[in-house]
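What follows is coords-v9.pdb (PDB, C-alpha atoms and all ligand atoms).
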```pdb
ATOM      1  CA  THR V   1       0.000   0.000   0.000
ATOM      2  CA  ARG V   2       0.909   3.654  -0.261
ATOM      3  CA  ILE V   3       1.450   4.125   3.470
ATOM      4  CA  GLU V   4       3.646   1.030   3.627
ATOM      5  CA  GLN V   5       5.854   2.277   0.767
ATOM      6  CA  ALA V   6       6.130   5.718   2.302
ATOM      7  CA  LEU V   7       6.947   4.237   5.705
ATOM      8  CA  ARG V   8       9.696   2.011   4.293
ATOM      9  CA  ARG V   9      11.247   5.037   2.644
ATOM     10  CA  ALA V  10      10.956   7.146   5.832
ATOM     11  CA  VAL V  11      12.582   4.470   7.998
ATOM     12  CA  ALA V  12      15.440   4.050   5.521
ATOM     13  CA  ALA V  13      15.886   7.834   5.435
ATOM     14  CA  GLY V  14      15.755   8.105   9.226
ATOM     15  CA  GLU V  15      12.657  10.294   9.179
ATOM     16  CA  VAL V  16      10.663   8.813  12.072
ATOM     17  CA  GLU V  17      11.222  10.918  15.177
ATOM     18  CA  PRO V  18      10.904  10.216  18.898
ATOM     19  CA  HIS V  19       8.681  12.512  20.935
ATOM     20  CA  PHE V  20       8.753  12.450  24.713
ATOM     21  CA  GLN V  21       5.985  12.663  27.298
ATOM     22  CA  PRO V  22       6.929  13.380  30.931
ATOM     23  CA  ILE V  23       6.269  10.882  33.713
ATOM     24  CA  ILE V  24       6.201  12.557  37.097
ATOM     25  CA  ASP V  25       6.516  11.581  40.725
ATOM     26  CA  LEU V  26       3.018  12.493  41.926
ATOM     27  CA  LYS V  27       4.002  13.351  45.489
ATOM     28  CA  MET V  28       7.025  15.489  44.644
ATOM     29  CA  ARG V  29       5.547  16.766  41.381
ATOM     30  CA  GLN V  30       8.887  16.285  39.680
ATOM     31  CA  ILE V  31       9.744  14.789  36.313
ATOM     32  CA  ARG V  32      11.380  11.370  36.713
ATOM     33  CA  GLY V  33      11.438  10.223  33.108
ATOM     34  CA  PHE V  34       9.851  10.302  29.669
ATOM     35  CA  GLU V  35       7.925   7.846  27.508
ATOM     36  CA  THR V  36       9.133   7.723  23.905
ATOM     37  CA  LEU V  37       6.329   8.030  21.348
ATOM     38  CA  ALA V  38       7.149   7.695  17.647
ATOM     39  CA  ARG V  39       6.080  10.473  15.283
ATOM     40  CA  TRP V  40       6.119  10.417  11.504
ATOM     41  CA  SER V  41       5.151  13.033   8.968
ATOM     42  CA  ASP V  42       5.309  12.125   5.298
ATOM     43  CA  PRO V  43       5.903  14.927   2.730
ATOM     44  CA  ASP V  44       2.790  13.862   0.766
ATOM     45  CA  LEU V  45       0.590  12.112   3.332
ATOM     46  CA  GLY V  46       1.244  14.593   6.140
ATOM     47  CA  PRO V  47       1.394  13.468   9.789
ATOM     48  CA  VAL V  48       0.399   9.818  10.233
ATOM     49  CA  SER V  49      -0.688   8.625  13.700
ATOM     50  CA  PRO V  50       1.340   5.846  15.345
ATOM     51  CA  ALA V  51      -2.004   4.152  15.948
ATOM     52  CA  VAL V  52      -1.991   3.752  12.139
ATOM     53  CA  PHE V  53       1.657   3.241  11.199
ATOM     54  CA  ILE V  54       2.772   1.023  14.115
ATOM     55  CA  PRO V  55       0.267  -1.754  13.210
ATOM     56  CA  ILE V  56       1.299  -1.469   9.532
ATOM     57  CA  ALA V  57       4.968  -1.687  10.517
ATOM     58  CA  GLU V  58       4.128  -4.774  12.597
ATOM     59  CA  GLU V  59       2.270  -6.557   9.814
ATOM     60  CA  ARG V  60       4.760  -5.646   7.114
ATOM     61  CA  GLY V  61       7.928  -6.538   8.961
ATOM     62  CA  ILE V  62       9.136  -2.938   9.253
ATOM     63  CA  ILE V  63       8.839  -2.722  13.032
ATOM     64  CA  GLY V  64      12.376  -3.940  13.770
ATOM     65  CA  PRO V  65      14.238  -1.246  11.796
ATOM     66  CA  LEU V  66      11.652   1.373  12.818
ATOM     67  CA  ALA V  67      12.062   0.607  16.521
ATOM     68  CA  GLN V  68      15.839   0.609  16.254
ATOM     69  CA  LEU V  69      15.784   3.986  14.528
ATOM     70  CA  VAL V  70      13.490   5.531  17.142
ATOM     71  CA  LEU V  71      15.374   4.018  20.089
ATOM     72  CA  ARG V  72      18.698   5.228  18.719
ATOM     73  CA  LYS V  73      17.394   8.770  18.273
ATOM     74  CA  ALA V  74      15.688   8.693  21.675
ATOM     75  CA  THR V  75      18.809   7.591  23.574
ATOM     76  CA  GLU V  76      20.875  10.175  21.720
ATOM     77  CA  ALA V  77      18.387  12.891  22.735
ATOM     78  CA  ALA V  78      18.317  11.641  26.332
ATOM     79  CA  ARG V  79      22.047  12.186  26.680
ATOM     80  CA  ALA V  80      21.275  15.892  27.035
ATOM     81  CA  TRP V  81      18.995  15.243  30.040
ATOM     82  CA  PRO V  82      20.011  15.052  33.715
ATOM     83  CA  ASP V  83      21.311  11.499  34.102
ATOM     84  CA  ASP V  84      18.876  10.474  36.828
ATOM     85  CA  LEU V  85      15.940  10.629  34.398
ATOM     86  CA  PHE V  86      14.727   7.417  32.790
ATOM     87  CA  LEU V  87      13.595   6.793  29.235
ATOM     88  CA  SER V  88      10.770   4.407  28.494
ATOM     89  CA  PHE V  89      10.198   2.717  25.170
ATOM     90  CA  ASN V  90       7.237   0.693  23.839
ATOM     91  CA  LEU V  91       7.897  -2.783  22.461
ATOM     92  CA  SER V  92       5.476  -4.239  19.924
ATOM     93  CA  PRO V  93       4.110  -7.770  20.174
ATOM     94  CA  SER V  94       6.204  -9.042  17.244
ATOM     95  CA  GLN V  95       9.378  -7.765  18.927
ATOM     96  CA  LEU V  96       8.578 -10.054  21.847
ATOM     97  CA  VAL V  97       8.745 -13.145  19.649
ATOM     98  CA  ASP V  98      12.029 -12.131  18.014
ATOM     99  CA  GLN V  99      14.914 -13.458  20.080
ATOM    100  CA  ASN V 100      17.238 -10.839  18.551
ATOM    101  CA  THR V 101      15.322  -7.980  20.177
ATOM    102  CA  GLY V 102      17.393  -7.981  23.355
ATOM    103  CA  LEU V 103      20.647  -7.918  21.431
ATOM    104  CA  HIS V 104      19.406  -5.115  19.174
ATOM    105  CA  ILE V 105      18.437  -2.982  22.157
ATOM    106  CA  LEU V 106      21.708  -3.589  23.986
ATOM    107  CA  THR V 107      23.749  -2.834  20.875
ATOM    108  CA  ILE V 108      22.033   0.543  20.518
ATOM    109  CA  LEU V 109      22.577   1.370  24.212
ATOM    110  CA  ASP V 110      26.205   0.398  23.895
ATOM    111  CA  ARG V 111      26.753   2.553  20.811
ATOM    112  CA  THR V 112      25.052   5.635  22.255
ATOM    113  CA  GLY V 113      26.629   5.083  25.680
ATOM    114  CA  PHE V 114      23.238   4.985  27.373
ATOM    115  CA  ASP V 115      23.098   3.269  30.788
ATOM    116  CA  PRO V 116      20.705   0.272  30.582
ATOM    117  CA  ARG V 117      19.533   1.050  34.110
ATOM    118  CA  ARG V 118      17.979   4.238  32.740
ATOM    119  CA  LEU V 119      15.905   2.357  30.171
ATOM    120  CA  GLU V 120      12.445   1.003  30.741
ATOM    121  CA  ILE V 121      10.619  -1.210  28.262
ATOM    122  CA  GLU V 122       6.810  -1.042  28.079
ATOM    123  CA  ILE V 123       4.968  -4.121  26.957
ATOM    124  CA  THR V 124       1.288  -4.910  26.700
ATOM    125  CA  GLU V 125      -0.502  -8.087  27.636
ATOM    126  CA  THR V 126      -1.278  -8.701  23.988
ATOM    127  CA  GLY V 127       2.461  -8.726  23.417
ATOM    128  CA  LEU V 128       2.891 -11.529  25.938
ATOM    129  CA  MET V 129       0.219 -13.785  24.566
ATOM    130  CA  SER V 130       1.338 -15.036  21.183
ATOM    131  CA  ASP V 131       4.428 -16.736  22.582
ATOM    132  CA  PRO V 132       4.748 -16.379  26.363
ATOM    133  CA  CYS V 133       7.932 -18.485  26.567
ATOM    134  CA  SER V 134       9.735 -16.379  24.014
ATOM    135  CA  ALA V 135       8.525 -13.173  25.676
ATOM    136  CA  ALA V 136       9.650 -14.422  29.091
ATOM    137  CA  LYS V 137      13.119 -15.130  27.761
ATOM    138  CA  ILE V 138      13.471 -11.668  26.201
ATOM    139  CA  ILE V 139      12.177  -9.996  29.362
ATOM    140  CA  GLU V 140      14.631 -11.956  31.515
ATOM    141  CA  ASP V 141      17.524 -11.043  29.187
ATOM    142  CA  LEU V 142      16.642  -7.364  29.436
ATOM    143  CA  ARG V 143      16.186  -7.402  33.207
ATOM    144  CA  ARG V 144      19.500  -9.172  33.698
ATOM    145  CA  CYS V 145      21.160  -6.208  31.964
ATOM    146  CA  GLY V 146      19.482  -3.755  34.316
ATOM    147  CA  ILE V 147      16.695  -2.665  31.965
ATOM    148  CA  ARG V 148      13.375  -2.333  33.754
ATOM    149  CA  VAL V 149      10.146  -3.707  32.350
ATOM    150  CA  ALA V 150       6.703  -2.127  32.664
ATOM    151  CA  LEU V 151       3.321  -3.660  31.926
ATOM    152  CA  ASP V 152       1.471  -1.089  29.800
ATOM    153  CA  ASP V 153      -2.275  -0.376  29.472
ATOM    154  CA  PHE V 154      -3.022  -2.491  32.525
ATOM    155  CA  GLY V 155      -6.680  -3.247  33.024
ATOM    156  CA  THR V 156      -7.755  -3.290  29.392
ATOM    157  CA  GLY V 157      -7.981  -5.994  26.793
ATOM    158  CA  LEU V 158      -7.208  -9.496  27.846
ATOM    159  CA  SER V 159      -5.840  -8.748  31.289
ATOM    160  CA  SER V 160      -5.068 -11.699  33.445
ATOM    161  CA  LEU V 161      -3.785 -11.544  36.978
ATOM    162  CA  GLY V 162      -2.055 -14.853  36.335
ATOM    163  CA  ARG V 163       0.291 -12.930  34.062
ATOM    164  CA  LEU V 164       1.609 -11.098  37.101
ATOM    165  CA  ARG V 165       2.676 -14.407  38.624
ATOM    166  CA  GLU V 166       4.328 -15.685  35.457
ATOM    167  CA  PHE V 167       6.283 -12.535  34.677
ATOM    168  CA  HIS V 168       8.084 -10.139  36.905
ATOM    169  CA  PHE V 169       7.438  -6.471  36.169
ATOM    170  CA  ASP V 170       9.140  -3.502  37.738
ATOM    171  CA  LYS V 171       6.290  -1.164  36.950
ATOM    172  CA  LEU V 172       2.632  -1.259  36.100
ATOM    173  CA  LYS V 173       0.920   1.418  34.019
ATOM    174  CA  ILE V 174      -2.750   1.838  34.858
ATOM    175  CA  ASP V 175      -4.780   2.395  31.715
ATOM    176  CA  ARG V 176      -6.272   5.809  31.242
ATOM    177  CA  SER V 177      -9.815   4.436  31.052
ATOM    178  CA  PHE V 178      -9.720   3.987  34.852
ATOM    179  CA  VAL V 179      -8.034   7.317  35.447
ATOM    180  CA  SER V 180     -10.538   9.297  33.398
ATOM    181  CA  SER V 181     -13.430   7.975  35.471
ATOM    182  CA  ILE V 182     -11.790   8.003  38.909
ATOM    183  CA  LEU V 183     -13.713  11.062  40.080
ATOM    184  CA  GLU V 184     -16.993  10.000  38.506
ATOM    185  CA  ASP V 185     -17.626   6.425  39.483
ATOM    186  CA  ARG V 186     -17.014   4.298  42.546
ATOM    187  CA  PRO V 187     -16.013   1.141  40.642
ATOM    188  CA  SER V 188     -13.045   2.894  38.993
ATOM    189  CA  GLU V 189     -11.905   4.193  42.351
ATOM    190  CA  HIS V 190     -12.107   0.745  43.952
ATOM    191  CA  ILE V 191     -10.329  -0.880  41.021
ATOM    192  CA  ILE V 192      -7.497   1.630  41.144
ATOM    193  CA  ARG V 193      -7.082   1.194  44.898
ATOM    194  CA  ALA V 194      -6.974  -2.581  44.482
ATOM    195  CA  ILE V 195      -4.378  -2.295  41.701
ATOM    196  CA  LEU V 196      -2.263  -0.017  43.915
ATOM    197  CA  ALA V 197      -2.445  -2.443  46.840
ATOM    198  CA  MET V 198      -1.382  -5.251  44.524
ATOM    199  CA  CYS V 199       1.547  -3.211  43.180
ATOM    200  CA  ASP V 200       2.626  -2.516  46.715
ATOM    201  CA  GLY V 201       2.587  -6.197  47.629
ATOM    202  CA  LEU V 202       4.376  -7.299  44.472
ATOM    203  CA  GLY V 203       7.008  -4.564  44.663
ATOM    204  CA  MET V 204       5.931  -2.795  41.482
ATOM    205  CA  GLU V 205       5.805   0.953  40.964
ATOM    206  CA  ALA V 206       2.452   2.189  39.675
ATOM    207  CA  VAL V 207       2.040   4.910  37.059
ATOM    208  CA  ALA V 208      -1.395   6.275  36.194
ATOM    209  CA  GLU V 209      -1.806   7.209  32.537
ATOM    210  CA  GLY V 210      -3.978   9.841  30.906
ATOM    211  CA  ILE V 211      -4.201  12.283  33.830
ATOM    212  CA  GLU V 212      -5.896  15.394  32.461
ATOM    213  CA  GLU V 213      -7.270  17.092  35.573
ATOM    214  CA  GLU V 214      -5.771  18.247  38.836
ATOM    215  CA  GLY V 215      -8.523  16.467  40.805
ATOM    216  CA  GLN V 216      -7.483  13.118  39.300
ATOM    217  CA  ALA V 217      -3.843  13.731  40.219
ATOM    218  CA  GLU V 218      -4.786  14.645  43.791
ATOM    219  CA  ARG V 219      -6.922  11.547  44.219
ATOM    220  CA  LEU V 220      -4.226   9.258  42.854
ATOM    221  CA  THR V 221      -1.595  10.848  45.092
ATOM    222  CA  GLN V 222      -3.874  10.376  48.078
ATOM    223  CA  PHE V 223      -4.222   6.677  47.178
ATOM    224  CA  GLY V 224      -0.436   6.344  47.084
ATOM    225  CA  CYS V 225       0.100   6.011  43.344
ATOM    226  CA  TRP V 226       3.791   6.656  42.661
ATOM    227  CA  GLY V 227       3.734   8.195  39.196
ATOM    228  CA  GLY V 228       1.547  10.033  36.751
ATOM    229  CA  GLN V 229       1.488  10.803  33.059
ATOM    230  CA  GLY V 230      -0.955  12.798  30.987
ATOM    231  CA  TYR V 231      -1.813  16.087  29.347
ATOM    232  CA  LEU V 232      -2.021  17.763  32.784
ATOM    233  CA  PHE V 233       1.753  17.402  33.113
ATOM    234  CA  GLY V 234       2.747  17.547  29.470
ATOM    235  CA  ARG V 235       1.944  16.350  25.984
ATOM    236  CA  PRO V 236       4.409  14.354  23.917
ATOM    237  CA  ALA V 237       6.988  16.854  22.589
ATOM    238  CA  CYS V 238      10.032  16.762  20.318
ATOM    239  CA  ALA V 239      13.587  16.489  21.661
ATOM    240  CA  GLN V 240      14.235  20.211  21.500
ATOM    241  CA  THR V 241      11.023  21.212  23.296
ATOM    242  CA  THR V 242      11.738  18.550  25.918
ATOM    243  CA  ILE V 243      15.117  20.118  26.701
ATOM    244  CA  GLY V 244      13.342  23.452  27.169
ATOM    245  CA  LEU V 245      10.785  21.842  29.487
ATOM    246  CA  LEU V 246      13.578  20.353  31.594
ATOM    247  CA  ARG V 247      15.368  23.710  31.867
ATOM    248  CA  ASP V 248      12.184  25.408  33.012
ATOM    249  CA  SER V 249      11.336  22.718  35.558
ATOM    250  CA  LEU V 250      14.707  22.763  37.339
TER     251      LEU V 250
HETATM  252  O1  LIG V 301       0.396   9.346  21.050
HETATM  253  P1  LIG V 301       0.053   8.123  20.785
HETATM  254  O2  LIG V 301      -0.843   8.498  19.653
HETATM  255  O3  LIG V 301       1.554   8.391  20.582
HETATM  256  O4  LIG V 301       0.363   6.597  20.459
HETATM  257  C1  LIG V 301      -0.615   5.736  19.927
HETATM  258  C2  LIG V 301      -0.214   4.311  20.168
HETATM  259  O5  LIG V 301       1.006   4.006  19.479
HETATM  260  C3  LIG V 301       0.024   3.998  21.647
HETATM  261  O6  LIG V 301      -0.579   2.743  21.934
HETATM  262  C4  LIG V 301       1.516   3.885  21.750
HETATM  263  O7  LIG V 301       1.900   2.954  22.741
HETATM  264  C5  LIG V 301       1.912   3.412  20.354
HETATM  265  N1  LIG V 301       3.265   3.830  20.035
HETATM  266  C6  LIG V 301       3.750   5.077  19.914
HETATM  267  N2  LIG V 301       5.070   5.059  19.630
HETATM  268  C7  LIG V 301       5.434   3.760  19.589
HETATM  269  C8  LIG V 301       6.670   3.070  19.349
HETATM  270  O8  LIG V 301       7.738   3.654  19.160
HETATM  271  N3  LIG V 301       6.634   1.701  19.350
HETATM  272  C9  LIG V 301       5.484   1.016  19.589
HETATM  273  N4  LIG V 301       5.541  -0.299  19.582
HETATM  274  N5  LIG V 301       4.315   1.619  19.838
HETATM  275  C10 LIG V 301       4.283   2.970  19.841
HETATM  276  O1  LIG V 302      -0.670   2.806  24.633
HETATM  277  P1  LIG V 302       0.248   3.796  25.301
HETATM  278  O2  LIG V 302      -0.159   3.997  26.719
HETATM  279  O3  LIG V 302       1.688   3.518  25.144
HETATM  280  O4  LIG V 302       0.011   5.171  24.533
HETATM  281  C1  LIG V 302       0.078   6.389  25.054
HETATM  282  C2  LIG V 302      -0.971   7.157  24.275
HETATM  283  O5  LIG V 302      -1.757   7.957  25.166
HETATM  284  C3  LIG V 302      -0.399   8.087  23.256
HETATM  285  O6  LIG V 302      -1.269   8.070  22.174
HETATM  286  C4  LIG V 302      -0.466   9.434  23.964
HETATM  287  O7  LIG V 302      -0.449  10.519  23.072
HETATM  288  C5  LIG V 302      -1.782   9.276  24.704
HETATM  289  N1  LIG V 302      -1.940  10.153  25.870
HETATM  290  C6  LIG V 302      -0.992  10.527  26.742
HETATM  291  N2  LIG V 302      -1.501  11.314  27.722
HETATM  292  C7  LIG V 302      -2.834  11.436  27.461
HETATM  293  C8  LIG V 302      -3.907  12.116  28.117
HETATM  294  O8  LIG V 302      -3.767  12.779  29.159
HETATM  295  N3  LIG V 302      -5.142  11.993  27.545
HETATM  296  C9  LIG V 302      -5.346  11.271  26.405
HETATM  297  N4  LIG V 302      -6.586  11.227  25.928
HETATM  298  N5  LIG V 302      -4.356  10.604  25.784
HETATM  299  C10 LIG V 302      -3.113  10.685  26.291
HETATM  300 MN    MN V 303       3.083   3.052  26.567
HETATM  301 NA    NA V 304      -0.161   2.799  28.042
END
```
What does the file become when written as structure tokens?
Amino acid sequence: TRIEQALRRAVAAGEVEPHFQPIIDLKMRQIRGFETLARWSDPDLGPVSPAVFIPIAEERGIIGPLAQLVLRKATEAARAWPDDLFLSFNLSPSQLVDQNTGLHILTILDRTGFDPRRLEIEITETGLMSDPCSAAKIIEDLRRCGIRVALDDFGTGLSSLGRLREFHFDKLKIDRSFVSSILEDRPSEHIIRAILAMCDGLGMEAVAEGIEEEGQAERLTQFGCWGGQGYLFGRPACAQTTIGLLRDSL
């Protein structure tokens, strides 16, 4: 298809860019890290959403080179940040069945001189399902090198608590569907509190996604949620804008 052709060209030309969205410590209200979100604008097609081009890249076997390009650019950009800030990066399901993924990531970190202990990998439950054994092996490889692993979009899709026994995660990201309704309905509040209690017991940090209002942030802080992410604190921004944001917040 046209998008596929254009995407292949863009990846080869190095034209997919990382943007960064801040993740903050809710109690201290300080930036602790950034999630990398890929952005692509084609000269003819204009900006294409990652919700569109990531699935195409997955299906068409372009995700490997695309992810390597974005991770390389992201770690290069992060060298200009204070070195106690982490960088998180989304892994696609097909990357969790490819046993070369760990090596590819480590090679990039090595080349850019980026400390693996500053990297966090976000994976979704869908990504664990097609081949759990393969995924477990990749996750263990990464964790052995000091890379932390977060379970993304928790609470949506085919969530299973059994997954939390099979795999060890350092962090759990609570899906924004719960966050957006935390002030409106009791079930969301109870679910979030139960997730937080579980994180506490399992030694996982919790990050609430999609925080858009101060009231949501206050409630989550009160419940003891460690981190927050969302438009309230900052939208995904390019490397240069991110540097500016960091200067202003120090
Ligand atoms: O802003 P947002 O529209 O960036 O992202 C839409 C979806 O695309 C989200 O589910 C997000 O996790 C995913 N996404 C964004 N960038 C990347 C990336 O670099 N790799 C993968 N695998 N997914 C990404
Ligand atoms: O699936 P994942 O959680 O990786 O994707 C993050 C997605 O959520 C991106 O598309 C990002 O732009 C979007 N996002 C981040 N913060 C907010 C927010 O506060 N509100 C909404 N509606 N979307 C958000
Ligand atoms: Mn994510
Ligand atoms: Na998420």
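Nearest residue to Gln229 of chain V, choosing from V:Arg8, V:Lys137, V:Arg32, V:Arg144 and counting all atoms listed in the file: V:Arg32.
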What are the closest atom pairs, with distances in Å to one decimal, for each residue of chain V lying within 10 Å of ligand NA 304 (chain V), using only C-alpha atoms and all ligand atoms, rows by chain and rising residue number, as CSV?
```
residue,atom,partner,partner_atom,distance
V:Glu35,CA,V:NA304,NA,9.5
V:Asn90,CA,V:NA304,NA,8.8
V:Glu122,CA,V:NA304,NA,8.0
V:Ile123,CA,V:NA304,NA,8.7
V:Thr124,CA,V:NA304,NA,8.0
V:Ala150,CA,V:NA304,NA,9.6
V:Leu151,CA,V:NA304,NA,8.3
V:Asp152,CA,V:NA304,NA,4.6
V:Asp153,CA,V:NA304,NA,4.1
V:Phe154,CA,V:NA304,NA,7.5
V:Thr156,CA,V:NA304,NA,9.8
V:Leu172,CA,V:NA304,NA,9.4
V:Lys173,CA,V:NA304,NA,6.2
V:Ile174,CA,V:NA304,NA,7.4
V:Asp175,CA,V:NA304,NA,5.9
V:Arg176,CA,V:NA304,NA,7.5
V:Val207,CA,V:NA304,NA,9.5
V:Ala208,CA,V:NA304,NA,8.9
V:Glu209,CA,V:NA304,NA,6.5
V:Gly210,CA,V:NA304,NA,8.5
V:Gln229,CA,V:NA304,NA,9.6
```
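Neighbouring residues of Tyr231 of chain V at 10 Å or closer, counting only C-alpha atoms and skipping chain neighbours under 6 positions away, are Gln21, Pro22, Glu209, Gly210, Ile211, Glu212 and Glu213 of chain V.
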- Fewer than 2 positions away in the same chain doesn't count, so skip those; otherwise give me all residues within 9 Å of Glu4 of chain V, counting only C-alpha atoms, as a ChimeraX atom specification. /V:1-2,6-9,53,56-57,60,62
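With distances taken over all atoms listed in the file, V:Gly155 is the one residue among V:Pro82, V:Gly155, V:Pro50, V:Pro18 lying closest to Ser177 of chain V.
Minimum atom-to-atom distances from V:Arg117, V:Arg111, V:Arg72, V:Arg29 to ligand LIG 301 (chain V) were compared using only C-alpha atoms and all ligand atoms, and the lowest value belongs to V:Arg72.
Using only C-alpha atoms, the smallest distance between any of V:Ser88, V:Thr75, V:Ser180, V:Thr241 and Thr112 of chain V comes from V:Thr75.
For the choices V:Ser249, V:Ser160, V:Gln68, V:Ser49, the atom-to-atom distance to ligand LIG 301 (chain V) is smallest for V:Ser49 when using only C-alpha atoms and all ligand atoms.
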On this structure, which residues satisfy the PyMOL selection byres (((chain V and resi 95) around 9) and not hetatm), written as a PDB file with C-alpha atoms, keeping the file's coordinate frame?
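Heads up, here's the output in selection_16.pdb:
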```pdb
ATOM      1  CA  GLU V  58       4.128  -4.774  12.597  1.00  0.00           C
ATOM      2  CA  ILE V  63       8.839  -2.722  13.032  1.00  0.00           C
ATOM      3  CA  GLY V  64      12.376  -3.940  13.770  1.00  0.00           C
ATOM      4  CA  LEU V  91       7.897  -2.783  22.461  1.00  0.00           C
ATOM      5  CA  SER V  92       5.476  -4.239  19.924  1.00  0.00           C
ATOM      6  CA  PRO V  93       4.110  -7.770  20.174  1.00  0.00           C
ATOM      7  CA  SER V  94       6.204  -9.042  17.244  1.00  0.00           C
ATOM      8  CA  LEU V  96       8.578 -10.054  21.847  1.00  0.00           C
ATOM      9  CA  VAL V  97       8.745 -13.145  19.649  1.00  0.00           C
ATOM     10  CA  ASP V  98      12.029 -12.131  18.014  1.00  0.00           C
ATOM     11  CA  GLN V  99      14.914 -13.458  20.080  1.00  0.00           C
ATOM     12  CA  ASN V 100      17.238 -10.839  18.551  1.00  0.00           C
ATOM     13  CA  THR V 101      15.322  -7.980  20.177  1.00  0.00           C
ATOM     14  CA  GLY V 127       2.461  -8.726  23.417  1.00  0.00           C
ATOM     15  CA  ALA V 135       8.525 -13.173  25.676  1.00  0.00           C
TER      16      ALA V 135
END
```
- Query: Any idea what's packed within 6 Å of Asp170 of chain V, counting only C-alpha atoms, ignoring anything in its chain fewer than 2 positions away? Could you give it as a PyMOL selection string?
  - Reply: chain V and resi 148-150+204
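Every protein, DNA or RNA residue with an atom at most 8 Å from Leu196 of chain V, where all atoms listed in the file count and chain neighbours fewer than 6 positions away do not, is listed here: Ala206, Phe223, Gly224 and Cys225 of chain V.
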Could those residues be written to a file, using C-alpha atoms, as an mmCIF file, in the frame of the given file?
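The resulting result.cif:
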```
data_model
loop_
_atom_site.group_PDB
_atom_site.id
_atom_site.type_symbol
_atom_site.label_atom_id
_atom_site.label_comp_id
_atom_site.auth_asym_id
_atom_site.auth_seq_id
_atom_site.Cartn_x
_atom_site.Cartn_y
_atom_site.Cartn_z
ATOM 1 C CA ALA V 206 2.452 2.189 39.675
ATOM 2 C CA PHE V 223 -4.222 6.677 47.178
ATOM 3 C CA GLY V 224 -0.436 6.344 47.084
ATOM 4 C CA CYS V 225 0.100 6.011 43.344
#
```
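When atom CA of His104 of chain V is paired with atom CA of Ala12 of chain V, their separation reads 16.9 Å.
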